[in-house]
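Visitor: I am sharing coords-v1.cif, which consists of mmCIF, C-alpha atoms:
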data_protein
#
loop_
_atom_site.label_atom_id
_atom_site.label_comp_id
_atom_site.auth_asym_id
_atom_site.auth_seq_id
_atom_site.Cartn_x
_atom_site.Cartn_y
_atom_site.Cartn_z
CA MET Z 298 -88.78 54.96 -15.23
CA SER Z 299 -88.57 51.29 -14.15
CA GLN Z 300 -85.60 49.75 -12.37
CA SER Z 301 -84.67 47.74 -15.47
CA GLU Z 302 -84.69 50.87 -17.64
CA LEU Z 303 -82.44 52.62 -15.09
CA THR Z 304 -80.02 49.72 -15.18
CA MET Z 305 -79.95 49.69 -18.97
CA SER Z 306 -79.36 53.42 -19.16
CA THR Z 307 -76.24 53.36 -16.97
CA GLY Z 308 -74.21 51.37 -19.51
CA HIS Z 309 -73.26 47.82 -20.35
CA GLU Z 310 -70.92 47.26 -17.44
CA VAL Z 311 -73.72 46.90 -14.87
CA LEU Z 312 -75.22 44.07 -16.92
CA MET Z 313 -71.97 42.08 -16.98
CA GLU Z 314 -70.98 39.58 -14.33
CA PRO Z 315 -67.61 40.14 -12.64
CA SER Z 316 -64.67 38.08 -13.97
CA PRO Z 317 -64.45 34.67 -12.24
CA TYR Z 318 -60.67 35.17 -12.16
CA GLY Z 319 -60.98 38.42 -10.22
CA ILE Z 320 -58.69 40.25 -12.65
CA GLU Z 321 -59.25 42.66 -15.51
CA LYS Z 322 -59.61 41.25 -19.01
CA LYS Z 323 -56.37 42.85 -20.21
CA LYS Z 324 -54.46 41.05 -17.46
CA LEU Z 325 -56.17 37.75 -18.28
CA GLY Z 326 -55.29 38.32 -21.94
CA MET Z 327 -51.68 38.90 -20.94
CA TRP Z 328 -51.70 35.65 -18.93
CA PHE Z 329 -52.91 33.71 -21.97
CA PHE Z 330 -50.23 35.39 -24.10
CA ILE Z 331 -47.62 34.44 -21.48
CA VAL Z 332 -48.76 30.78 -21.54
CA ALA Z 333 -48.49 30.72 -25.36
CA ASP Z 334 -45.10 32.44 -25.29
CA ALA Z 335 -43.81 30.10 -22.56
CA CYS Z 336 -44.71 27.18 -24.84
CA THR Z 337 -42.85 28.88 -27.73
CA PHE Z 338 -39.69 29.28 -25.64
CA ALA Z 339 -40.09 25.73 -24.31
CA THR Z 340 -40.27 24.40 -27.87
CA PHE Z 341 -37.07 26.24 -28.79
CA LEU Z 342 -35.29 24.97 -25.66
CA PHE Z 343 -36.48 21.37 -26.20
CA GLY Z 344 -35.29 21.65 -29.83
CA TYR Z 345 -31.90 22.79 -28.55
CA GLY Z 346 -31.83 19.86 -26.11
CA TYR Z 347 -32.73 17.45 -28.93
CA MET Z 348 -29.89 18.69 -31.14
CA ARG Z 349 -27.41 18.80 -28.29
CA VAL Z 350 -28.13 15.22 -27.18
CA GLY Z 351 -28.07 14.01 -30.78
CA SER Z 352 -24.70 15.66 -31.66
CA GLN Z 353 -21.41 14.10 -30.68
CA ASN Z 354 -19.18 17.13 -31.31
CA TRP Z 355 -21.18 19.86 -29.57
CA GLY Z 356 -18.28 21.43 -27.65
CA THR Z 357 -18.21 23.90 -24.77
CA PRO Z 358 -16.96 27.14 -26.31
CA PHE Z 359 -17.71 29.74 -23.61
CA GLU Z 360 -14.76 31.14 -21.64
CA PHE Z 361 -15.30 32.61 -18.16
CA GLY Z 362 -15.45 36.13 -19.65
CA THR Z 363 -18.60 35.22 -21.58
CA ILE Z 364 -20.12 33.60 -18.47
CA LEU Z 365 -19.26 36.71 -16.42
CA ASN Z 366 -21.02 38.86 -19.01
CA GLY Z 367 -24.03 36.52 -18.69
CA ILE Z 368 -23.98 36.85 -14.88
CA VAL Z 369 -23.98 40.66 -15.15
CA MET Z 370 -26.85 40.49 -17.68
CA THR Z 371 -28.81 38.23 -15.30
CA PHE Z 372 -28.33 40.62 -12.36
CA VAL Z 373 -29.32 43.60 -14.54
CA LEU Z 374 -32.53 41.84 -15.62
CA LEU Z 375 -33.38 40.74 -12.06
CA SER Z 376 -32.83 44.31 -10.84
CA SER Z 377 -35.17 45.54 -13.57
CA SER Z 378 -37.88 43.24 -12.18
CA LEU Z 379 -37.46 44.97 -8.82
CA THR Z 380 -37.70 48.46 -10.36
CA MET Z 381 -40.80 47.29 -12.28
CA LEU Z 382 -42.40 46.18 -9.00
CA ALA Z 383 -41.59 49.61 -7.53
CA ALA Z 384 -43.13 51.25 -10.62
CA VAL Z 385 -46.37 49.27 -10.15
CA ARG Z 386 -46.45 50.12 -6.43
CA THR Z 387 -46.00 53.85 -7.07
CA THR Z 388 -48.64 53.95 -9.83
CA GLN Z 389 -51.06 52.19 -7.44
CA ALA Z 390 -50.27 54.89 -4.87
CA GLY Z 391 -50.85 57.59 -7.50
CA GLU Z 392 -47.29 58.93 -7.18
CA LYS Z 393 -46.79 59.91 -10.80
CA ALA Z 394 -43.29 61.43 -10.50
CA SER Z 395 -41.98 58.41 -8.61
CA ALA Z 396 -43.68 56.01 -11.04
CA ASN Z 397 -41.98 57.79 -13.95
CA LYS Z 398 -38.63 57.43 -12.22
CA TRP Z 399 -39.05 53.67 -11.66
CA LEU Z 400 -40.44 53.04 -15.14
CA GLY Z 401 -37.51 54.99 -16.60
CA LEU Z 402 -35.05 52.96 -14.54
CA THR Z 403 -36.68 49.72 -15.72
CA MET Z 404 -36.34 50.81 -19.36
CA LEU Z 405 -32.72 51.84 -18.72
CA LEU Z 406 -31.87 48.43 -17.21
CA GLY Z 407 -33.63 46.70 -20.14
CA THR Z 408 -31.54 48.78 -22.55
CA VAL Z 409 -28.32 47.94 -20.65
CA PHE Z 410 -29.24 44.24 -20.90
CA ALA Z 411 -29.78 44.56 -24.66
CA ILE Z 412 -26.46 46.42 -25.13
CA LEU Z 413 -24.52 43.79 -23.13
CA HIS Z 414 -26.23 41.08 -25.16
CA LEU Z 415 -25.49 42.67 -28.52
CA ARG Z 416 -21.87 43.31 -27.46
CA GLU Z 417 -21.53 39.56 -26.75
CA TRP Z 418 -23.15 38.72 -30.09
CA PHE Z 419 -20.82 40.99 -32.07
CA LYS Z 420 -17.79 39.57 -30.27
CA MET Z 421 -18.90 36.04 -31.22
CA ILE Z 422 -19.62 37.05 -34.82
CA ARG Z 423 -16.11 38.60 -35.08
CA GLU Z 424 -14.69 35.27 -33.83
CA GLY Z 425 -16.46 33.49 -36.70
CA TRP Z 426 -19.64 32.25 -35.02
CA GLY Z 427 -22.82 32.39 -37.08
CA LEU Z 428 -26.11 30.63 -37.74
CA PHE Z 429 -24.29 28.19 -40.02
CA SER Z 430 -20.67 28.46 -38.87
CA ASN Z 431 -18.58 27.22 -35.97
CA PRO Z 432 -14.95 28.46 -35.78
CA THR Z 433 -13.97 25.59 -33.42
CA GLY Z 434 -14.78 23.00 -36.10
CA GLY Z 435 -17.67 21.44 -34.13
CA THR Z 436 -21.29 21.23 -35.16
CA THR Z 437 -22.81 24.35 -36.75
CA GLN Z 438 -26.02 23.69 -34.84
CA PHE Z 439 -24.55 25.40 -31.77
CA GLY Z 440 -24.57 28.82 -33.45
CA ALA Z 441 -28.04 28.24 -34.87
CA CYS Z 442 -29.42 27.32 -31.42
CA PHE Z 443 -27.56 30.08 -29.54
CA PHE Z 444 -28.45 32.94 -31.87
CA SER Z 445 -32.07 31.76 -32.35
CA ILE Z 446 -32.89 31.34 -28.66
CA THR Z 447 -31.01 34.35 -27.30
CA GLY Z 448 -32.25 36.37 -30.29
CA LEU Z 449 -35.86 35.46 -29.51
CA HIS Z 450 -35.32 36.53 -25.92
CA LEU Z 451 -33.55 39.74 -26.94
CA THR Z 452 -36.49 40.56 -29.22
CA HIS Z 453 -38.77 40.19 -26.21
CA VAL Z 454 -36.60 42.52 -24.10
CA ILE Z 455 -36.45 45.19 -26.83
CA SER Z 456 -40.24 44.85 -27.39
CA GLY Z 457 -40.72 45.19 -23.62
CA VAL Z 458 -38.68 48.42 -23.50
CA ILE Z 459 -40.72 49.84 -26.40
CA ALA Z 460 -44.00 48.75 -24.73
CA LEU Z 461 -42.92 50.36 -21.45
CA LEU Z 462 -42.05 53.57 -23.31
CA ILE Z 463 -45.52 53.66 -24.87
CA ILE Z 464 -47.24 52.81 -21.55
CA THR Z 465 -45.23 55.48 -19.67
CA ARG Z 466 -46.10 58.12 -22.27
CA GLY Z 467 -49.78 57.16 -22.18
CA TYR Z 468 -49.78 57.07 -18.37
CA ASN Z 469 -48.38 60.61 -18.25
CA GLN Z 470 -50.94 61.81 -20.78
CA GLY Z 471 -53.77 60.18 -18.80
CA ARG Z 472 -54.65 57.68 -21.55
CA TYR Z 473 -53.38 54.68 -19.55
CA ASN Z 474 -53.88 53.85 -15.89
CA THR Z 475 -52.43 51.65 -13.16
CA SER Z 476 -53.79 48.42 -14.66
CA HIS Z 477 -51.94 49.10 -17.91
CA VAL Z 478 -48.69 49.45 -15.96
CA GLU Z 479 -49.48 46.24 -14.01
CA THR Z 480 -50.14 44.34 -17.26
CA ALA Z 481 -46.86 45.60 -18.78
CA GLY Z 482 -45.18 44.53 -15.52
CA LEU Z 483 -46.50 40.97 -15.95
CA TYR Z 484 -44.87 40.80 -19.39
CA TRP Z 485 -41.61 42.22 -18.04
CA HIS Z 486 -41.41 39.67 -15.21
CA PHE Z 487 -42.14 36.88 -17.70
CA VAL Z 488 -39.23 37.97 -19.91
CA ASP Z 489 -37.04 37.97 -16.79
CA LEU Z 490 -38.15 34.45 -15.81
CA VAL Z 491 -37.51 33.06 -19.30
CA TRP Z 492 -33.90 34.26 -18.95
CA MET Z 493 -33.67 32.11 -15.79
CA PHE Z 494 -33.84 29.10 -18.17
CA VAL Z 495 -31.95 30.58 -21.13
CA PHE Z 496 -28.89 31.56 -19.04
CA PRO Z 497 -28.16 28.12 -17.48
CA LEU Z 498 -29.07 26.14 -20.60
CA MET Z 499 -27.40 28.31 -23.27
CA TYR Z 500 -24.48 29.75 -21.29
CA LEU Z 501 -23.64 27.59 -18.27
CA MET Z 502 -24.15 24.25 -20.06
CA ASN Z 503 -21.69 25.46 -22.71
CA ALA Z 504 -19.04 26.80 -20.30
CA ARG Z 505 -15.50 25.51 -20.75
CA MET Q 47 -56.78 43.62 -8.85
CA SER Q 48 -54.51 41.84 -6.45
CA SER Q 49 -55.54 41.67 -2.85
CA ASN Q 50 -54.08 43.72 -0.03
CA ARG Q 51 -52.17 40.65 1.25
CA GLU Q 52 -49.27 41.58 -1.03
CA PRO Q 53 -45.92 41.96 0.75
CA GLY Q 54 -44.04 45.24 0.98
CA MET Q 55 -41.09 46.27 -1.19
CA GLY Q 56 -38.69 44.92 1.45
CA SER Q 57 -39.98 41.40 0.87
CA TYR Q 58 -39.63 41.82 -2.89
CA VAL Q 59 -36.02 42.95 -2.44
CA GLY Q 60 -35.45 39.77 -0.38
CA ILE Q 61 -37.03 37.61 -3.12
CA VAL Q 62 -34.88 39.17 -5.88
CA ILE Q 63 -31.71 38.79 -3.76
CA GLY Q 64 -32.73 35.15 -3.21
CA LEU Q 65 -33.03 34.68 -6.99
CA MET Q 66 -29.58 36.25 -7.46
CA ILE Q 67 -28.15 33.82 -4.89
CA ILE Q 68 -29.66 30.88 -6.83
CA VAL Q 69 -27.96 32.19 -10.00
CA GLY Q 70 -24.69 32.29 -8.03
CA ILE Q 71 -25.21 28.65 -6.96
CA GLU Q 72 -25.80 27.70 -10.61
CA VAL Q 73 -22.49 29.30 -11.62
CA VAL Q 74 -20.61 27.57 -8.78
CA LEU Q 75 -22.14 24.19 -9.78
CA THR Q 76 -21.07 24.77 -13.40
CA TYR Q 77 -17.41 24.97 -12.39
CA GLN Q 78 -17.55 21.84 -10.19
CA HIS Q 79 -17.07 19.78 -13.41
CA LEU Q 80 -20.03 17.53 -12.63
CA PRO Q 81 -21.20 14.92 -15.17
CA VAL Q 82 -23.30 16.62 -17.88
CA ARG Q 83 -26.55 14.91 -16.87
CA THR Q 84 -26.08 15.77 -13.18
CA LEU Q 85 -25.29 19.40 -14.04
CA LEU Q 86 -28.27 19.65 -16.41
CA PHE Q 87 -30.64 18.17 -13.81
CA SER Q 88 -29.30 20.49 -11.08
CA LEU Q 89 -29.54 23.60 -13.28
CA LEU Q 90 -33.07 22.73 -14.43
CA CYS Q 91 -34.22 22.15 -10.84
CA LEU Q 92 -32.76 25.49 -9.70
CA ALA Q 93 -34.22 27.32 -12.75
CA SER Q 94 -37.63 25.76 -12.00
CA VAL Q 95 -37.44 26.98 -8.40
CA GLU Q 96 -36.59 30.48 -9.68
CA ALA Q 97 -39.49 30.38 -12.15
CA PHE Q 98 -41.94 29.17 -9.49
CA VAL Q 99 -40.89 31.87 -7.00
CA GLY Q 100 -41.03 34.49 -9.76
CA VAL Q 101 -44.47 33.48 -10.98
CA MET Q 102 -45.94 33.19 -7.49
CA TYR Q 103 -44.48 36.38 -5.98
CA LEU Q 104 -43.16 38.75 -8.69
CA MET Q 105 -46.13 38.02 -10.99
CA HIS Q 106 -48.49 37.97 -7.99
CA VAL Q 107 -50.20 34.64 -8.70
CA ARG Q 108 -49.93 33.91 -4.97
CA TYR Q 109 -52.24 36.86 -4.33
CA GLU Q 110 -54.72 36.31 -7.19
CA SER Q 111 -57.73 34.02 -7.35
CA PRO Q 112 -56.76 30.29 -7.20
CA LEU Q 113 -58.87 29.82 -10.35
CA LEU Q 114 -56.20 31.73 -12.34
CA PHE Q 115 -53.52 29.30 -11.13
CA TRP Q 116 -55.64 26.24 -11.94
CA THR Q 117 -56.55 27.59 -15.38
CA VAL Q 118 -53.06 28.52 -16.47
CA PHE Q 119 -50.62 26.05 -14.92
CA PRO Q 120 -51.96 22.52 -15.53
CA ALA Q 121 -52.37 23.36 -19.24
CA THR Q 122 -48.82 24.74 -19.49
CA LEU Q 123 -47.41 21.79 -17.57
CA PHE Q 124 -49.28 19.40 -19.89
CA VAL Q 125 -47.62 20.98 -22.94
CA LEU Q 126 -44.18 20.85 -21.29
CA VAL Q 127 -44.63 17.16 -20.44
CA LEU Q 128 -45.76 16.37 -24.02
CA LEU Q 129 -42.64 18.07 -25.43
CA ASN Q 130 -40.55 15.30 -23.85
CA TYR Q 131 -41.51 13.03 -26.76
CA VAL Q 132 -38.31 14.21 -28.52
CA TRP Q 133 -35.82 12.41 -26.25
CA PRO Q 134 -36.01 8.83 -27.58
CA ASP Q 135 -35.24 10.12 -31.08
CA ALA Q 136 -32.43 12.36 -29.78
CA TYR Q 137 -30.77 9.34 -28.10
CA ARG Q 138 -31.31 7.29 -31.29
CA MET Q 139 -29.38 9.97 -33.22
CA ALA Q 140 -26.62 9.95 -30.59
CA ARG Q 141 -26.30 6.14 -30.86
CA MET Q 142 -26.27 6.34 -34.68
CA SER Q 143 -23.45 8.91 -34.67
CA LEU Q 144 -21.44 6.60 -32.41
CA GLY Q 145 -21.98 3.80 -34.94
CA LYS Q 146 -23.72 1.52 -32.44
#
With the file now loaded, output its structure as structure tokens.

Guide:
Amino acid sequence: MSQSELTMSTGHEVLMEPSPYGIEKKKLGMWFFIVADACTFATFLFGYGYMRVGSQNWGTPFEFGTILNGIVMTFVLLSSSLTMLAAVRTTQAGEKASANKWLGLTMLLGTVFAILHLREWFKMIREGWGLFSNPTGGTTQFGACFFSITGLHLTHVISGVIALLIITRGYNQGRYNTSHVETAGLYWHFVDLVWMFVFPLMYLMNAR
Amino acid sequence: MSSNREPGMGSYVGIVIGLMIIVGIEVVLTYQHLPVRTLLFSLLCLASVEAFVGVMYLMHVRYESPLLFWTVFPATLFVLVLLNYVWPDAYRMARMSLGK
């Protein structure tokens, strides 16, 4: 058997050049998704900025209690980034029990974030805030911007928790490996970093 | 496939605590009753610092191939710069609502 026949018989991977980026294709795919998603969030935030600059009666409705809730949510999400890093580290080390613990903690913190967020939403809805209503008599665009942008972010957090649940289950069953956990981690950190813009622009800029 | 130059968990804890401190600074600035434009500029600068640190260290771009950075970031930055086309119209609307 010739050398070329041997090479062909061992599978396609030996014929392929290594990635110029030095990362697996699923991670590169996640990076491209992150770029597209960053542009989506940026468009929403620029739209909010456009409406805010263009409106004369925007108002600053958030009391310190709401801001405090936002601070707690921010710390919860930042802590979840740390637990996600620990999860990636332990999967790389092959420590399955420890990886499960850190992944579980990350999902728990993501769930706490979502609960705190929904609690804030329901409080605002009870006060009369909505997509097309403003109980303070100011522009209705505030509610539309707030619920759209924070809702988009909340959807990402809930999707992230579900994705982590699926990845953890697959990792335990041996269907997924370390690189799957790393790729999920990239998404999780991205969701965290988006909040670093949503919190100051949607909460702090509207603090009384 | 990050390299072995990655820092230990202790460094990551330091980075996350640093990010929490920046959030604290943002909150303190908010209650200094600064002019809106000054506050917005300050908050955006601090958020950009947080995002840069997060992308470079938490998302490991610092430890990946430089080609990844140069593929992803100039394109994203280009889009973000182009989005600034909205401001002249936003200020036109503000002037119209003031009746000027």

Visitor: Using all atoms listed in the file, find the residues of chain Q whose closest atom to chain Z is at most 9 Å away, then write them as a PyMOL selection string.

Guide: chain Q and resi 47-48+55+58-59+62-63+65-66+69-70+72-73+76-77+82+85-86+89-90+93-94+96-97+100-101+104-106+110-114+118-119+121-122+125-126+129-130+132-133+135-144

Visitor: Got a sec: who's within 8 Å of stretch 423-428 of chain Z, counting only C-alpha atoms, leaving out chain neighbours fewer than 2 positions off, as a PyMOL selection string?

Guide: chain Z and resi 419-421+430-432+437-438+440-442+444

Visitor: Mind pulling up the distance from atom CA of Z:Gly407 to atom CA of Z:Gly457?

Guide: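 Atom-to-atom, atom CA of Z:Gly457 to atom CA of Z:Gly407, that is 8.0 Å.
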
Visitor: Report the distance between atom CA of Z:Thr447 and atom CA of Q:Ile71 in Å, rounded to one decimal place.

Guide: 21.9 Å

Visitor: On this structure, the PyMOL selection byres ((chain Z and resi 389-398) around 12) would catch which residues? List them as a PDB file with C-alpha atoms, keeping the file's coordinate frame, sorted by chain and number.

Guide:
ATOM      1  CA  THR Z 380     -37.700  48.460 -10.360  1.00  0.00           C
ATOM      2  CA  MET Z 381     -40.800  47.290 -12.280  1.00  0.00           C
ATOM      3  CA  LEU Z 382     -42.400  46.180  -9.000  1.00  0.00           C
ATOM      4  CA  ALA Z 383     -41.590  49.610  -7.530  1.00  0.00           C
ATOM      5  CA  ALA Z 384     -43.130  51.250 -10.620  1.00  0.00           C
ATOM      6  CA  VAL Z 385     -46.370  49.270 -10.150  1.00  0.00           C
ATOM      7  CA  ARG Z 386     -46.450  50.120  -6.430  1.00  0.00           C
ATOM      8  CA  THR Z 387     -46.000  53.850  -7.070  1.00  0.00           C
ATOM      9  CA  THR Z 388     -48.640  53.950  -9.830  1.00  0.00           C
ATOM     10  CA  TRP Z 399     -39.050  53.670 -11.660  1.00  0.00           C
ATOM     11  CA  LEU Z 400     -40.440  53.040 -15.140  1.00  0.00           C
ATOM     12  CA  GLY Z 401     -37.510  54.990 -16.600  1.00  0.00           C
ATOM     13  CA  LEU Z 402     -35.050  52.960 -14.540  1.00  0.00           C
ATOM     14  CA  THR Z 403     -36.680  49.720 -15.720  1.00  0.00           C
ATOM     15  CA  MET Z 404     -36.340  50.810 -19.360  1.00  0.00           C
ATOM     16  CA  LEU Z 405     -32.720  51.840 -18.720  1.00  0.00           C
ATOM     17  CA  LEU Z 461     -42.920  50.360 -21.450  1.00  0.00           C
ATOM     18  CA  LEU Z 462     -42.050  53.570 -23.310  1.00  0.00           C
ATOM     19  CA  ILE Z 464     -47.240  52.810 -21.550  1.00  0.00           C
ATOM     20  CA  THR Z 465     -45.230  55.480 -19.670  1.00  0.00           C
ATOM     21  CA  ARG Z 466     -46.100  58.120 -22.270  1.00  0.00           C
ATOM     22  CA  GLY Z 467     -49.780  57.160 -22.180  1.00  0.00           C
ATOM     23  CA  TYR Z 468     -49.780  57.070 -18.370  1.00  0.00           C
ATOM     24  CA  ASN Z 469     -48.380  60.610 -18.250  1.00  0.00           C
ATOM     25  CA  GLN Z 470     -50.940  61.810 -20.780  1.00  0.00           C
ATOM     26  CA  GLY Z 471     -53.770  60.180 -18.800  1.00  0.00           C
ATOM     27  CA  ASN Z 474     -53.880  53.850 -15.890  1.00  0.00           C
ATOM     28  CA  THR Z 475     -52.430  51.650 -13.160  1.00  0.00           C
ATOM     29  CA  SER Z 476     -53.790  48.420 -14.660  1.00  0.00           C
ATOM     30  CA  HIS Z 477     -51.940  49.100 -17.910  1.00  0.00           C
ATOM     31  CA  VAL Z 478     -48.690  49.450 -15.960  1.00  0.00           C
ATOM     32  CA  GLU Z 479     -49.480  46.240 -14.010  1.00  0.00           C
TER      33      GLU Z 479
ATOM     34  CA  MET Q  47     -56.780  43.620  -8.850  1.00  0.00           C
ATOM     35  CA  SER Q  48     -54.510  41.840  -6.450  1.00  0.00           C
ATOM     36  CA  ASN Q  50     -54.080  43.720  -0.030  1.00  0.00           C
TER      37      ASN Q  50
END

Visitor: So how far away is atom CA of Z:Ile455 from atom CA of Z:Thr408, in Å?

Guide: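 So the two atoms, atom CA of Z:Thr408 and atom CA of Z:Ile455, lie 7.4 Å apart.
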
Visitor: Please return stretch 78-106 of chain Q, rebuilt to N, CA and C atoms, as a tab-separated table (two decimals), keeping the file's coordinate frame.

Guide:
chain	number	residue	atom	x	y	z
Q	78	GLN	N	-17.91	23.02	-11.00
Q	78	GLN	CA	-17.55	21.84	-10.19
Q	78	GLN	C	-17.22	20.65	-11.08
Q	79	HIS	N	-17.35	20.84	-12.42
Q	79	HIS	CA	-17.07	19.78	-13.41
Q	79	HIS	C	-17.86	18.50	-13.09
Q	80	LEU	N	-19.13	18.66	-12.87
Q	80	LEU	CA	-20.03	17.53	-12.63
Q	80	LEU	C	-20.31	16.83	-13.96
Q	81	PRO	N	-20.77	15.56	-13.92
Q	81	PRO	CA	-21.20	14.92	-15.17
Q	81	PRO	C	-22.33	15.74	-15.81
Q	82	VAL	N	-22.36	15.74	-17.16
Q	82	VAL	CA	-23.30	16.62	-17.88
Q	82	VAL	C	-24.75	16.43	-17.41
Q	83	ARG	N	-25.15	15.17	-17.26
Q	83	ARG	CA	-26.55	14.91	-16.87
Q	83	ARG	C	-26.85	15.44	-15.47
Q	84	THR	N	-25.89	15.27	-14.55
Q	84	THR	CA	-26.08	15.77	-13.18
Q	84	THR	C	-26.18	17.29	-13.19
Q	85	LEU	N	-25.28	17.93	-13.97
Q	85	LEU	CA	-25.29	19.40	-14.04
Q	85	LEU	C	-26.61	19.89	-14.65
Q	86	LEU	N	-27.03	19.24	-15.74
Q	86	LEU	CA	-28.27	19.65	-16.41
Q	86	LEU	C	-29.46	19.53	-15.45
Q	87	PHE	N	-29.53	18.39	-14.75
Q	87	PHE	CA	-30.64	18.17	-13.81
Q	87	PHE	C	-30.62	19.22	-12.69
Q	88	SER	N	-29.42	19.50	-12.16
Q	88	SER	CA	-29.30	20.49	-11.08
Q	88	SER	C	-29.72	21.88	-11.56
Q	89	LEU	N	-29.22	22.27	-12.75
Q	89	LEU	CA	-29.54	23.60	-13.28
Q	89	LEU	C	-31.03	23.74	-13.58
Q	90	LEU	N	-31.63	22.66	-14.13
Q	90	LEU	CA	-33.07	22.73	-14.43
Q	90	LEU	C	-33.90	22.82	-13.15
Q	91	CYS	N	-33.49	22.09	-12.12
Q	91	CYS	CA	-34.22	22.15	-10.84
Q	91	CYS	C	-34.14	23.56	-10.26
Q	92	LEU	N	-32.93	24.15	-10.26
Q	92	LEU	CA	-32.76	25.49	-9.70
Q	92	LEU	C	-33.53	26.53	-10.54
Q	93	ALA	N	-33.48	26.39	-11.87
Q	93	ALA	CA	-34.22	27.32	-12.75
Q	93	ALA	C	-35.73	27.20	-12.50
Q	94	SER	N	-36.20	25.96	-12.26
Q	94	SER	CA	-37.63	25.76	-12.00
Q	94	SER	C	-38.04	26.41	-10.69
Q	95	VAL	N	-37.16	26.32	-9.68
Q	95	VAL	CA	-37.44	26.98	-8.40
Q	95	VAL	C	-37.54	28.49	-8.61
Q	96	GLU	N	-36.58	29.03	-9.38
Q	96	GLU	CA	-36.59	30.48	-9.68
Q	96	GLU	C	-37.89	30.87	-10.38
Q	97	ALA	N	-38.28	30.07	-11.38
Q	97	ALA	CA	-39.49	30.38	-12.15
Q	97	ALA	C	-40.72	30.33	-11.25
Q	98	PHE	N	-40.78	29.31	-10.38
Q	98	PHE	CA	-41.94	29.17	-9.49
Q	98	PHE	C	-42.04	30.36	-8.54
Q	99	VAL	N	-40.90	30.72	-7.94
Q	99	VAL	CA	-40.89	31.87	-7.00
Q	99	VAL	C	-41.29	33.15	-7.76
Q	100	GLY	N	-40.72	33.31	-8.96
Q	100	GLY	CA	-41.03	34.49	-9.76
Q	100	GLY	C	-42.49	34.59	-10.12
Q	101	VAL	N	-43.06	33.47	-10.58
Q	101	VAL	CA	-44.47	33.48	-10.98
Q	101	VAL	C	-45.38	33.74	-9.77
Q	102	MET	N	-45.07	33.07	-8.67
Q	102	MET	CA	-45.94	33.19	-7.49
Q	102	MET	C	-45.86	34.57	-6.83
Q	103	TYR	N	-44.65	35.12	-6.74
Q	103	TYR	CA	-44.48	36.38	-5.98
Q	103	TYR	C	-44.31	37.60	-6.88
Q	104	LEU	N	-43.36	37.57	-7.85
Q	104	LEU	CA	-43.16	38.75	-8.69
Q	104	LEU	C	-44.38	38.98	-9.59
Q	105	MET	N	-44.97	37.88	-10.09
Q	105	MET	CA	-46.13	38.02	-10.99
Q	105	MET	C	-47.45	37.90	-10.21
Q	106	HIS	N	-47.34	37.84	-8.89
Q	106	HIS	CA	-48.49	37.97	-7.99
Q	106	HIS	C	-49.54	36.87	-8.04
